[in-house]
>>> print(open('work.cif').read())   # mmCIF, C-alpha atoms and all ligand atoms
data_work
#
loop_
_atom_site.label_atom_id
_atom_site.label_comp_id
_atom_site.auth_asym_id
_atom_site.auth_seq_id
_atom_site.Cartn_x
_atom_site.Cartn_y
_atom_site.Cartn_z
CA MET A 1 0.00 0.00 0.00
CA LYS A 2 1.04 3.62 -0.52
CA VAL A 3 1.12 5.54 2.76
CA ALA A 4 1.74 9.26 3.32
CA VAL A 5 3.42 10.01 6.67
CA THR A 6 3.82 13.38 8.41
CA GLY A 7 6.32 13.78 11.26
CA SER A 8 8.27 10.91 9.71
CA SER A 9 11.59 12.14 11.16
CA GLY A 10 10.38 11.75 14.76
CA LEU A 11 10.64 8.88 17.23
CA ILE A 12 7.50 7.12 16.03
CA GLY A 13 7.68 8.23 12.39
CA THR A 14 11.21 6.92 11.88
CA ALA A 15 10.30 3.49 13.26
CA LEU A 16 6.99 3.36 11.40
CA THR A 17 8.56 4.31 8.07
CA ALA A 18 11.24 1.63 8.48
CA SER A 19 8.67 -0.97 9.45
CA LEU A 20 6.36 -0.22 6.49
CA ARG A 21 9.23 -0.19 4.00
CA ALA A 22 10.63 -3.44 5.34
CA ASP A 23 7.31 -5.06 4.42
CA GLY A 24 7.29 -3.63 0.90
CA HIS A 25 4.88 -0.72 1.40
CA GLN A 26 5.55 2.58 -0.37
CA VAL A 27 6.00 5.53 2.00
CA VAL A 28 5.65 9.16 0.94
CA ARG A 29 7.17 11.40 3.60
CA LEU A 30 5.50 14.81 3.95
CA VAL A 31 8.36 17.07 5.08
CA ARG A 32 8.50 20.77 6.07
CA ARG A 33 11.94 21.37 4.53
CA PRO A 34 12.92 21.08 0.84
CA PRO A 35 12.61 17.42 -0.24
CA ARG A 36 15.83 15.41 -0.41
CA GLY A 37 14.61 12.44 -2.40
CA ALA A 38 11.89 11.10 -4.68
CA ASP A 39 10.01 9.68 -1.71
CA GLU A 40 9.67 13.12 -0.04
CA VAL A 41 7.10 15.84 -0.71
CA ARG A 42 7.07 19.26 0.89
CA TRP A 43 4.04 20.30 2.94
CA ASP A 44 3.19 23.35 4.98
CA PRO A 45 1.33 22.31 8.15
CA ARG A 46 -0.23 25.80 8.39
CA ALA A 47 -1.46 26.08 4.81
CA ALA A 48 -5.14 25.50 4.17
CA ASP A 49 -4.19 22.96 1.51
CA ALA A 50 -1.61 20.44 2.64
CA GLY A 51 -0.55 19.28 -0.79
CA ASP A 52 -3.00 17.73 -3.21
CA PRO A 53 -2.33 16.23 -5.85
CA VAL A 54 0.40 14.57 -3.80
CA LEU A 55 -2.26 12.95 -1.66
CA SER A 56 -4.26 11.64 -4.61
CA GLY A 57 -3.41 8.00 -5.07
CA VAL A 58 -2.22 7.35 -1.52
CA ASP A 59 -4.14 4.57 0.20
CA ALA A 60 -3.81 6.02 3.69
CA CYS A 61 -2.13 8.74 5.70
CA VAL A 62 -0.46 8.50 9.11
CA HIS A 63 -0.27 11.94 10.69
CA LEU A 64 2.35 12.22 13.45
CA ALA A 65 3.60 15.82 13.13
CA GLY A 66 3.55 18.20 16.08
CA ALA A 67 5.89 20.40 18.11
CA GLY A 68 7.48 18.31 20.91
CA VAL A 69 5.47 18.55 24.12
CA GLY A 70 8.51 17.88 26.29
CA ASP A 71 11.04 19.81 24.23
CA HIS A 72 10.73 23.33 25.71
CA ARG A 73 9.41 25.13 28.72
CA TRP A 74 5.71 25.86 28.19
CA THR A 75 5.87 29.61 27.65
CA ARG A 76 2.76 31.24 26.25
CA GLY A 77 4.41 31.23 22.80
CA TYR A 78 5.41 27.57 22.96
CA LYS A 79 1.97 26.52 24.15
CA ALA A 80 0.56 28.29 21.09
CA GLU A 81 3.04 26.33 18.95
CA ILE A 82 2.10 22.98 20.56
CA ARG A 83 -1.53 23.73 19.83
CA ALA A 84 -1.24 25.22 16.33
CA SER A 85 1.18 22.54 15.10
CA ARG A 86 -1.49 19.98 15.90
CA VAL A 87 -4.88 21.60 15.43
CA LEU A 88 -4.15 23.74 12.35
CA ALA A 89 -1.98 21.06 10.73
CA THR A 90 -4.58 18.34 11.27
CA ARG A 91 -7.35 20.49 9.84
CA ALA A 92 -5.20 21.37 6.79
CA LEU A 93 -4.29 17.75 6.20
CA ALA A 94 -7.84 16.44 6.73
CA THR A 95 -9.17 19.05 4.28
CA ALA A 96 -6.57 18.08 1.67
CA LEU A 97 -7.27 14.36 2.14
CA ALA A 98 -10.99 15.01 1.69
CA ALA A 99 -10.29 16.84 -1.59
CA ALA A 100 -7.90 14.21 -2.99
CA GLN A 101 -9.16 12.23 -6.02
CA PRO A 102 -9.48 9.43 -5.18
CA ALA A 103 -9.54 10.12 -1.45
CA PRO A 104 -7.37 7.88 0.75
CA LYS A 105 -9.27 5.21 2.67
CA ALA A 106 -7.87 6.02 6.11
CA LEU A 107 -6.35 8.77 8.23
CA ILE A 108 -4.53 7.45 11.29
CA SER A 109 -3.84 10.51 13.37
CA ALA A 110 -1.66 10.92 16.44
CA SER A 111 -3.37 11.93 19.65
CA ALA A 112 -2.43 11.39 23.29
CA ILE A 113 -3.66 10.14 26.66
CA GLY A 114 -3.46 13.81 27.61
CA TRP A 115 -7.14 13.64 26.54
CA TYR A 116 -8.02 12.23 30.00
CA GLY A 117 -6.03 14.71 32.10
CA ASP A 118 -5.28 13.79 35.71
CA THR A 119 -7.70 11.11 36.89
CA GLY A 120 -5.96 10.76 40.25
CA GLY A 121 -4.71 7.36 39.12
CA GLY A 122 -8.26 6.18 38.37
CA GLU A 123 -8.70 3.68 35.51
CA VAL A 124 -10.00 5.00 32.18
CA THR A 125 -10.76 3.57 28.75
CA GLU A 126 -11.71 5.29 25.51
CA ASP A 127 -15.24 6.25 26.52
CA ALA A 128 -14.04 8.49 29.37
CA PRO A 129 -14.66 12.21 28.82
CA ALA A 130 -11.88 14.72 28.15
CA GLY A 131 -10.18 16.13 31.22
CA LYS A 132 -9.42 19.71 32.12
CA GLY A 133 -6.21 21.63 31.58
CA PHE A 134 -4.12 22.77 28.65
CA LEU A 135 -3.20 19.39 27.16
CA SER A 136 -6.71 17.96 27.45
CA ARG A 137 -8.09 20.93 25.55
CA VAL A 138 -5.38 20.64 22.88
CA VAL A 139 -6.07 16.93 22.41
CA PHE A 140 -9.83 17.51 22.23
CA ASP A 141 -9.41 20.12 19.48
CA TRP A 142 -6.68 18.06 17.76
CA GLU A 143 -9.07 15.10 17.35
CA ALA A 144 -11.95 17.37 16.27
CA ALA A 145 -9.72 18.95 13.61
CA ALA A 146 -9.88 15.69 11.63
CA ASP A 147 -13.62 16.27 10.98
CA PRO A 148 -13.19 17.26 7.30
CA ALA A 149 -11.76 13.78 6.60
CA ARG A 150 -14.54 12.08 8.60
CA GLN A 151 -17.15 14.04 6.66
CA ALA A 152 -15.60 12.78 3.41
CA ASP A 153 -16.13 9.17 4.62
CA ILE A 154 -12.42 8.61 5.23
CA ARG A 155 -11.90 6.20 8.13
CA VAL A 156 -10.27 8.23 10.90
CA ALA A 157 -8.58 6.60 13.90
CA HIS A 158 -6.99 8.60 16.73
CA LEU A 159 -3.91 7.18 18.44
CA ARG A 160 -4.23 8.10 22.11
CA SER A 161 -0.67 7.09 22.93
CA GLY A 162 0.79 6.86 26.40
CA LEU A 163 4.49 7.44 27.07
CA VAL A 164 6.16 5.75 24.12
CA LEU A 165 9.26 3.91 25.31
CA GLY A 166 11.88 3.86 22.55
CA LYS A 167 15.58 4.37 23.10
CA SER A 168 16.19 7.02 20.45
CA GLY A 169 13.88 9.73 21.72
CA GLY A 170 10.98 10.86 23.87
CA VAL A 171 10.76 10.16 27.56
CA LEU A 172 12.92 7.02 27.62
CA ALA A 173 15.92 8.78 26.10
CA ARG A 174 15.60 11.50 28.76
CA LEU A 175 15.12 9.16 31.72
CA ALA A 176 17.81 6.73 30.57
CA ARG A 177 20.58 9.33 30.93
CA PRO A 178 20.41 9.54 34.76
CA ALA A 179 19.14 5.96 35.14
CA ARG A 180 22.30 4.67 33.46
CA PHE A 181 24.22 6.07 36.46
CA GLY A 182 21.66 4.95 39.03
CA VAL A 183 20.56 8.51 39.85
CA LEU A 184 17.10 8.83 38.29
CA PRO A 185 14.92 10.36 41.01
CA ARG A 186 11.24 9.74 41.77
CA PHE A 187 9.11 12.70 40.73
CA GLY A 188 6.88 14.00 43.50
CA ASP A 189 5.95 11.10 45.80
CA GLY A 190 6.34 8.64 42.89
CA SER A 191 2.80 7.31 43.26
CA GLN A 192 1.43 8.87 40.05
CA VAL A 193 0.41 6.29 37.46
CA MET A 194 2.29 6.37 34.17
CA SER A 195 0.57 4.76 31.20
CA TRP A 196 3.23 3.64 28.75
CA ILE A 197 3.72 1.55 25.59
CA SER A 198 6.86 0.10 24.03
CA LEU A 199 7.83 1.65 20.69
CA THR A 200 7.59 -1.85 19.20
CA ASP A 201 3.93 -2.19 20.24
CA GLU A 202 3.19 1.42 19.26
CA ILE A 203 4.28 0.60 15.70
CA ARG A 204 2.47 -2.75 15.72
CA ALA A 205 -0.73 -1.05 16.94
CA ILE A 206 -0.50 1.71 14.33
CA ARG A 207 -0.12 -0.92 11.63
CA PHE A 208 -2.99 -2.97 13.13
CA LEU A 209 -5.25 0.07 12.69
CA LEU A 210 -3.72 1.25 9.40
CA GLU A 211 -3.92 -2.03 7.50
CA SER A 212 -7.44 -2.95 8.56
CA ASP A 213 -10.35 -3.01 6.09
CA ASP A 214 -12.81 -2.82 8.96
CA ALA A 215 -14.73 0.47 8.72
CA GLY A 216 -15.48 0.11 12.43
CA ARG A 217 -11.82 0.48 13.29
CA SER A 218 -12.25 4.24 13.65
CA GLY A 219 -12.45 6.73 16.50
CA ALA A 220 -10.14 6.82 19.51
CA TYR A 221 -7.84 3.96 20.51
CA ASN A 222 -5.69 4.01 23.63
CA LEU A 223 -2.17 2.93 22.66
CA THR A 224 -1.05 1.94 26.15
CA ALA A 225 0.21 -1.34 27.54
CA PRO A 226 -2.33 -3.23 29.66
CA ASN A 227 -0.13 -2.85 32.76
CA PRO A 228 0.48 0.82 33.66
CA VAL A 229 3.05 1.46 36.42
CA THR A 230 3.64 4.12 39.01
CA ASP A 231 6.49 6.57 38.53
CA SER A 232 8.28 4.77 41.35
CA GLU A 233 7.90 1.39 39.60
CA LEU A 234 9.12 2.84 36.29
CA THR A 235 12.21 4.30 37.98
CA ALA A 236 12.96 0.99 39.70
CA ALA A 237 12.51 -0.90 36.41
CA LEU A 238 14.89 1.48 34.62
CA HIS A 239 17.56 1.10 37.29
CA HIS A 240 17.10 -2.65 37.11
CA ALA A 241 17.48 -2.55 33.30
CA PHE A 242 20.82 -0.78 33.74
CA ARG A 243 21.81 -3.10 36.61
CA ARG A 244 22.02 -0.20 39.06
CA PRO A 245 20.84 -0.07 42.66
CA ASP A 246 17.54 1.75 43.11
CA PHE A 247 17.63 4.41 45.82
CA GLY A 248 13.99 5.06 46.65
CA TRP A 249 14.89 8.10 48.75
CA LEU A 250 16.16 9.99 45.69
CA ARG A 251 13.25 12.33 44.92
CA VAL A 252 12.44 15.68 43.33
CA PRO A 253 9.53 17.10 45.33
CA ALA A 254 6.57 18.24 43.24
CA PRO A 255 6.92 21.96 44.14
CA VAL A 256 10.59 21.92 43.06
CA LEU A 257 9.64 20.26 39.79
CA ARG A 258 6.91 22.86 39.20
CA LEU A 259 9.43 25.63 39.89
CA ALA A 260 12.02 24.12 37.54
CA LEU A 261 9.75 23.08 34.66
CA GLY A 262 6.70 25.29 35.10
CA GLU A 263 3.44 23.92 33.70
CA MET A 264 5.35 21.26 31.74
CA SER A 265 5.90 19.46 35.08
CA SER A 266 2.32 18.19 34.68
CA GLU A 267 3.78 15.74 32.13
CA LEU A 268 5.66 14.01 34.98
CA LEU A 269 3.13 14.47 37.78
CA THR A 270 -0.17 13.67 36.05
CA SER A 271 -1.67 10.38 37.16
CA ALA A 272 -3.94 8.35 34.87
CA ARG A 273 -4.33 4.59 34.53
CA VAL A 274 -5.22 4.43 30.83
CA LEU A 275 -6.15 0.96 29.60
CA PRO A 276 -6.18 -0.20 25.95
CA GLY A 277 -9.85 -1.27 26.03
CA ARG A 278 -10.56 -1.09 22.30
CA LEU A 279 -7.26 -2.63 21.13
CA LEU A 280 -7.75 -5.63 23.42
CA ALA A 281 -11.40 -5.98 22.35
CA ALA A 282 -10.24 -6.00 18.70
CA GLY A 283 -7.83 -8.88 19.42
CA PHE A 284 -4.56 -6.94 19.42
CA GLU A 285 -1.84 -8.82 21.31
CA PHE A 286 0.91 -6.83 23.01
CA ARG A 287 4.42 -8.16 22.55
CA TYR A 288 5.54 -6.32 25.70
CA PRO A 289 2.68 -6.08 28.20
CA ALA A 290 5.06 -5.69 31.18
CA VAL A 291 7.44 -2.78 31.63
CA GLY A 292 10.55 -4.80 32.58
CA ALA A 293 10.60 -6.83 29.36
CA ALA A 294 9.68 -3.72 27.33
CA LEU A 295 12.64 -1.77 28.70
CA ALA A 296 15.02 -4.68 28.23
CA ALA A 297 13.95 -4.99 24.60
CA GLU A 298 13.77 -1.30 23.72
CA LEU A 299 17.08 -0.37 25.33
CA THR A 300 18.95 -3.02 23.39
CA THR A 301 17.18 -3.47 20.04
CA GLN A 302 15.59 -1.43 17.28
CA ALA A 303 11.80 -1.46 17.02
CA ALA A 304 10.45 -4.27 14.88
N1 LIG A 401 6.46 9.92 21.96
C1 LIG A 401 5.48 9.87 22.85
O1 LIG A 401 5.66 9.43 24.01
C2 LIG A 401 4.09 10.33 22.47
C3 LIG A 401 3.04 10.14 23.38
C4 LIG A 401 1.77 10.58 23.05
C5 LIG A 401 1.54 11.21 21.85
N2 LIG A 401 2.57 11.38 20.97
C6 LIG A 401 2.30 12.11 19.72
O2 LIG A 401 2.65 11.33 18.61
C7 LIG A 401 3.20 12.17 17.58
C8 LIG A 401 4.57 11.65 17.19
O3 LIG A 401 5.36 11.54 18.36
P1 LIG A 401 6.95 11.46 18.30
O4 LIG A 401 7.39 11.09 19.66
O5 LIG A 401 7.38 10.66 17.14
O6 LIG A 401 7.28 13.00 18.10
P2 LIG A 401 8.68 13.69 17.73
O7 LIG A 401 9.80 12.72 17.84
O8 LIG A 401 8.73 14.95 18.52
O9 LIG A 401 8.47 14.02 16.19
C9 LIG A 401 7.43 14.83 15.74
C10 LIG A 401 7.70 15.26 14.32
O10 LIG A 401 6.79 16.33 14.02
C11 LIG A 401 7.41 17.27 13.16
N3 LIG A 401 7.40 18.58 13.83
C12 LIG A 401 8.23 19.04 14.80
N4 LIG A 401 7.90 20.30 15.14
C13 LIG A 401 6.84 20.63 14.37
C14 LIG A 401 6.05 21.81 14.25
N5 LIG A 401 6.28 22.88 14.99
N6 LIG A 401 5.03 21.81 13.34
C15 LIG A 401 4.77 20.71 12.58
N7 LIG A 401 5.51 19.58 12.65
C16 LIG A 401 6.51 19.55 13.53
C17 LIG A 401 8.84 16.80 12.93
O11 LIG A 401 8.85 16.03 11.71
P3 LIG A 401 9.33 16.68 10.31
O12 LIG A 401 10.55 17.52 10.64
O13 LIG A 401 9.64 15.47 9.49
O14 LIG A 401 8.19 17.49 9.81
C18 LIG A 401 9.09 15.84 14.09
O15 LIG A 401 10.02 14.86 13.77
C19 LIG A 401 3.25 13.59 18.15
O16 LIG A 401 2.15 14.31 17.67
C20 LIG A 401 3.14 13.37 19.64
O17 LIG A 401 2.50 14.43 20.32
C21 LIG A 401 3.84 10.95 21.25
#
>>> encode(input="work.cif", output="structure tokens")
Amino acid sequence: MKVAVTGSSGLIGTALTASLRADGHQVVRLVRRPPRGADEVRWDPRAADAGDPVLSGVDACVHLAGAGVGDHRWTRGYKAEIRASRVLATRALATALAAAQPAPKALISASAIGWYGDTGGGEVTEDAPAGKGFLSRVVFDWEAAADPARQADIRVAHLRSGLVLGKSGGVLARLARPARFGVLPRFGDGSQVMSWISLTDEIRAIRFLLESDDAGRSGAYNLTAPNPVTDSELTAALHHAFRRPDFGWLRVPAPVLRLALGEMSSELLTSARVLPGRLLAAGFEFRYPAVGAALAAELTTQAA
């Protein structure tokens, strides 16, 4: 199949592109810079038209682009960038996909468990309402921005991903640096629930949704392993993966974290036990349902 991918240079996009190509699929990378090869096409995430006729003839589009949520302090300007790079870009892309002749069959669009906000560690599945706070509002509008594609009868699935654990980027790359030396601290009291997924299963789940002919495989899907962990358990598992002792007393109190990171600290302190209800109901099998095996695999191998 011919698949257009935005954000293909990122943690998930790089692994997805490699995985699709390894299985003989054709990938068209939508890039923001001048194209460097025949498989790349330039797109402007803020333009009303994201690039037809490029999109005509693609079977599906995986939309992963967005300014990194953990890359900068959340100043007013950067919050506007986080939001616009998702909401405006998704609307532009969905509009272009709807106009393409013939229109692609599916839009698989990144989203996040930020939808649920802080549930105090309470369990949630896909039918839970959106939470409050900046990220919840961004995610709500991000998913709604795909409406033009939905209205054109394109199957739209939203990937509500948890913390994606892959060694070359995202949260694992950041946590691995101190963990390698046995000095990764707990954040706050360490009891907040972190919902995570291995990069391997993230890619497998995206492909599970992408390659389906089932029109019902649309709407929101939680891409989270069935066994969320607390921050404390994740820290212990990381130290174990690096064969380091785990000093439970090493902590950064929540107020210090808020002072150092500002509003972005919510990324580390938010507590939500997000379960992959719809993936499990659809028969998806996780290769790494437990965090220890996931870390061991992701820290040593490339995603499959
Ligand atoms: N990694 C996670 O733990 C996680 C968890 C939940 C949700 N997600 C979501 O899944 C998507 C992919 O995640 P990822 O970890 O692969 O992200 P990533 O590594 O930060 O890559 C995102 C890609 O988006 C493009 N991009 C960067 N800044 C942009 C901007 N200002 N405007 C438009 N595009 C921009 C870049 O690709 P180009 O330079 O090729 O355009 C970049 O490589 C993101 O939307 C992210 O929010 C990720």
>>> residues_around(input="work.cif", residues="Ala297 (chain A)", least_positions_apart="6", cutoff="12 Å", atoms="only C-alpha atoms", output="count of residues only")
16
>>> closest_residue(input="work.cif", among="A:Pro104, A:Gly262, A:Gly57, A:Pro34", to="ligand LIG 401 (chain A)", atoms="only C-alpha atoms and all ligand atoms")
A:Pro34
>>> closest_atom_pairs(input="work.cif", of="chain A", to="ligand LIG 401 (chain A)", cutoff="9 Å", atoms="only C-alpha atoms and all ligand atoms", output="tab-separated table")
residue	atom	partner	partner_atom	distance
A:Val5	CA	A:LIG401	O13	8.7
A:Thr6	CA	A:LIG401	O14	6.2
A:Gly7	CA	A:LIG401	O11	3.4
A:Ser8	CA	A:LIG401	O13	4.8
A:Ser9	CA	A:LIG401	O15	4.1
A:Gly10	CA	A:LIG401	O7	3.3
A:Leu11	CA	A:LIG401	O5	3.7
A:Ile12	CA	A:LIG401	O5	3.7
A:Gly13	CA	A:LIG401	O5	5.3
A:Thr14	CA	A:LIG401	O5	7.5
A:Ala15	CA	A:LIG401	O5	8.7
A:Arg29	CA	A:LIG401	O13	7.6
A:Leu30	CA	A:LIG401	O13	6.9
A:Val31	CA	A:LIG401	O14	4.8
A:Arg32	CA	A:LIG401	O14	5.0
A:Arg33	CA	A:LIG401	O12	7.4
A:Trp43	CA	A:LIG401	O14	8.5
A:Asp44	CA	A:LIG401	C15	8.2
A:Pro45	CA	A:LIG401	C15	5.8
A:Arg46	CA	A:LIG401	N6	8.3
A:His63	CA	A:LIG401	C7	7.7
A:Leu64	CA	A:LIG401	C7	4.2
A:Ala65	CA	A:LIG401	O10	3.4
A:Gly66	CA	A:LIG401	C16	4.1
A:Ala67	CA	A:LIG401	N4	3.6
A:Gly68	CA	A:LIG401	O8	4.3
A:Val69	CA	A:LIG401	O17	6.3
A:Gly70	CA	A:LIG401	O8	8.3
A:Asp71	CA	A:LIG401	O8	7.8
A:Glu81	CA	A:LIG401	N5	6.2
A:Ile82	CA	A:LIG401	N5	7.0
A:Ala84	CA	A:LIG401	N6	7.7
A:Ser85	CA	A:LIG401	N6	4.3
A:Arg86	CA	A:LIG401	O16	7.0
A:Ala89	CA	A:LIG401	C15	7.0
A:Ser109	CA	A:LIG401	O16	8.3
A:Ala110	CA	A:LIG401	O2	4.8
A:Ser111	CA	A:LIG401	C5	5.4
A:Ala112	CA	A:LIG401	C5	4.2
A:Ile113	CA	A:LIG401	C4	6.5
A:Gly114	CA	A:LIG401	C4	7.7
A:Leu159	CA	A:LIG401	C5	7.6
A:Arg160	CA	A:LIG401	C5	6.6
A:Ser161	CA	A:LIG401	C4	4.3
A:Gly162	CA	A:LIG401	C3	5.0
A:Leu163	CA	A:LIG401	O1	3.8
A:Val164	CA	A:LIG401	O1	3.7
A:Leu165	CA	A:LIG401	O1	6.7
A:Gly166	CA	A:LIG401	N1	8.2
A:Ser168	CA	A:LIG401	O7	9.0
A:Gly169	CA	A:LIG401	O7	6.4
A:Gly170	CA	A:LIG401	N1	5.0
A:Val171	CA	A:LIG401	O1	6.3
A:Leu172	CA	A:LIG401	O1	8.5
A:Trp196	CA	A:LIG401	O1	7.9
A:Ile197	CA	A:LIG401	O1	8.3
A:Leu199	CA	A:LIG401	N1	8.5
A:Leu223	CA	A:LIG401	C4	8.6
>>> atom_distance(input="work.cif", atom1="CA of Glu233 (chain A)", atom2="CA of Val193 (chain A)")
9.2 Å
>>> closest_residue(input="work.cif", among="A:Ala94, A:Val27, A:Ala128, A:Ala176", to="Ala237 (chain A)", atoms="only C-alpha atoms")
A:Ala176
>>> closest_residue(input="work.cif", among="A:Val3, A:Ile108, A:Met264, A:Leu259", to="Arg76 (chain A)", atoms="only C-alpha atoms")
A:Met264
>>> atom_distance(input="work.cif", atom1="CA of Asn227 (chain A)", atom2="CA of Leu257 (chain A)")
26.1 Å
>>> closest_residue(input="work.cif", among="A:Leu175, A:Gln192, A:His239, A:Ser56", to="Ala254 (chain A)", atoms="all atoms listed in the file")
A:Gln192
>>> closest_atom_pairs(input="work.cif", of="region 140-211 of chain A", to="region 100-103 of chain A", cutoff="12 Å", atoms="all atoms listed in the file", output="CSV")
residue,atom,partner,partner_atom,distance
A:Pro148,CA,A:Ala103,CA,11.9
A:Ala149,CA,A:Ala103,CA,9.1
A:Arg150,CA,A:Ala103,CA,11.4
A:Gln151,CA,A:Ala103,CA,11.8
A:Ala152,CA,A:Ala103,CA,8.2
A:Asp153,CA,A:Ala103,CA,9.0
A:Ile154,CA,A:Ala103,CA,7.4
A:Arg155,CA,A:Ala103,CA,10.6
>>> atom_distance(input="work.cif", atom1="CA of Met1 (chain A)", atom2="CA of Arg42 (chain A)")
20.5 Å
>>> closest_residue(input="work.cif", among="A:Val28, A:Ile203, A:Leu184, A:Val274", to="Asp127 (chain A)", atoms="all atoms listed in the file")
A:Val274
>>> residues_around(input="work.cif", residues="Val252 (chain A)", least_positions_apart="4", cutoff="12 Å", atoms="all atoms listed in the file", output="list in words")
Val183, Leu184, Pro185, Arg186, Phe187, Gly188, Asp189, Gly190, Asp231, Ser232, Gly248, Val256, Leu257, Arg258, Leu259, Ala260, Leu261, Ser265, Leu268 and Leu269 of chain A
>>> axis_aligned_box(input="work.cif", around="region 2-8 of chain A", padding_each_side="4 Å", output="lines of an AutoDock Vina configuration file")
center_x = 4.7
center_y = 8.7
center_z = 5.4
size_x = 15.2
size_y = 18.2
size_z = 19.8
>>> residues_around(input="work.cif", residues="Ala60 (chain A)", least_positions_apart="4", cutoff="7 Å", atoms="all atoms listed in the file", output="number ranges by chain")
A: 2-4, 104-107
>>> closest_residue(input="work.cif", among="A:Phe242, A:Trp74, A:Trp249, A:Tyr221", to="Val124 (chain A)", atoms="only C-alpha atoms")
A:Tyr221
>>> closest_atom_pairs(input="work.cif", of="region 237-293 of chain A", to="region 134-145 of chain A", cutoff="10 Å", atoms="only C-alpha atoms", output="tab-separated table")
residue	atom	partner	partner_atom	distance
A:Glu263	CA	A:Phe134	CA	9.2
A:Met264	CA	A:Leu135	CA	9.9
A:Ser266	CA	A:Leu135	CA	9.4
A:Glu267	CA	A:Leu135	CA	9.3
>>> residues_around(input="work.cif", residues="Gly277 (chain A)", least_positions_apart="6", cutoff="8 Å", atoms="only C-alpha atoms", output="list in words")
Thr125, Glu126, Tyr221 and Asn222 of chain A
>>> build_atoms(input="work.cif", residues="region 8-22 of chain A", atoms="N, CA and C atoms", output="PDB file, in the coordinates of the input")
ATOM      1  N   SER A   8       7.574  12.192   9.929  1.00  0.00           N
ATOM      2  CA  SER A   8       8.270  10.910   9.710  1.00  0.00           C
ATOM      3  C   SER A   8       9.701  10.919  10.238  1.00  0.00           C
ATOM      4  N   SER A   9      10.221  12.105  10.623  1.00  0.00           N
ATOM      5  CA  SER A   9      11.590  12.140  11.160  1.00  0.00           C
ATOM      6  C   SER A   9      11.600  11.953  12.674  1.00  0.00           C
ATOM      7  N   GLY A  10      10.439  11.854  13.299  1.00  0.00           N
ATOM      8  CA  GLY A  10      10.380  11.750  14.760  1.00  0.00           C
ATOM      9  C   GLY A  10      10.576  10.339  15.278  1.00  0.00           C
ATOM     10  N   LEU A  11      10.442  10.185  16.588  1.00  0.00           N
ATOM     11  CA  LEU A  11      10.640   8.880  17.230  1.00  0.00           C
ATOM     12  C   LEU A  11       9.749   7.810  16.601  1.00  0.00           C
ATOM     13  N   ILE A  12       8.457   8.114  16.530  1.00  0.00           N
ATOM     14  CA  ILE A  12       7.500   7.120  16.030  1.00  0.00           C
ATOM     15  C   ILE A  12       7.567   7.034  14.508  1.00  0.00           C
ATOM     16  N   GLY A  13       7.673   8.195  13.857  1.00  0.00           N
ATOM     17  CA  GLY A  13       7.680   8.230  12.390  1.00  0.00           C
ATOM     18  C   GLY A  13       8.852   7.485  11.793  1.00  0.00           C
ATOM     19  N   THR A  14      10.021   7.613  12.395  1.00  0.00           N
ATOM     20  CA  THR A  14      11.210   6.920  11.880  1.00  0.00           C
ATOM     21  C   THR A  14      11.000   5.404  11.947  1.00  0.00           C
ATOM     22  N   ALA A  15      10.503   4.945  13.089  1.00  0.00           N
ATOM     23  CA  ALA A  15      10.300   3.490  13.260  1.00  0.00           C
ATOM     24  C   ALA A  15       9.177   2.989  12.371  1.00  0.00           C
ATOM     25  N   LEU A  16       8.115   3.788  12.235  1.00  0.00           N
ATOM     26  CA  LEU A  16       6.990   3.360  11.400  1.00  0.00           C
ATOM     27  C   LEU A  16       7.401   3.262   9.928  1.00  0.00           C
ATOM     28  N   THR A  17       8.122   4.283   9.467  1.00  0.00           N
ATOM     29  CA  THR A  17       8.560   4.310   8.070  1.00  0.00           C
ATOM     30  C   THR A  17       9.425   3.078   7.773  1.00  0.00           C
ATOM     31  N   ALA A  18      10.357   2.793   8.673  1.00  0.00           N
ATOM     32  CA  ALA A  18      11.240   1.630   8.480  1.00  0.00           C
ATOM     33  C   ALA A  18      10.427   0.342   8.458  1.00  0.00           C
ATOM     34  N   SER A  19       9.469   0.243   9.351  1.00  0.00           N
ATOM     35  CA  SER A  19       8.670  -0.970   9.450  1.00  0.00           C
ATOM     36  C   SER A  19       7.823  -1.183   8.187  1.00  0.00           C
ATOM     37  N   LEU A  20       7.196  -0.101   7.696  1.00  0.00           N
ATOM     38  CA  LEU A  20       6.360  -0.220   6.490  1.00  0.00           C
ATOM     39  C   LEU A  20       7.213  -0.593   5.274  1.00  0.00           C
ATOM     40  N   ARG A  21       8.368   0.085   5.161  1.00  0.00           N
ATOM     41  CA  ARG A  21       9.230  -0.190   4.000  1.00  0.00           C
ATOM     42  C   ARG A  21       9.767  -1.608   4.035  1.00  0.00           C
ATOM     43  N   ALA A  22      10.088  -2.076   5.222  1.00  0.00           N
ATOM     44  CA  ALA A  22      10.630  -3.440   5.340  1.00  0.00           C
ATOM     45  C   ALA A  22       9.632  -4.468   4.827  1.00  0.00           C
TER      46      ALA A  22
END
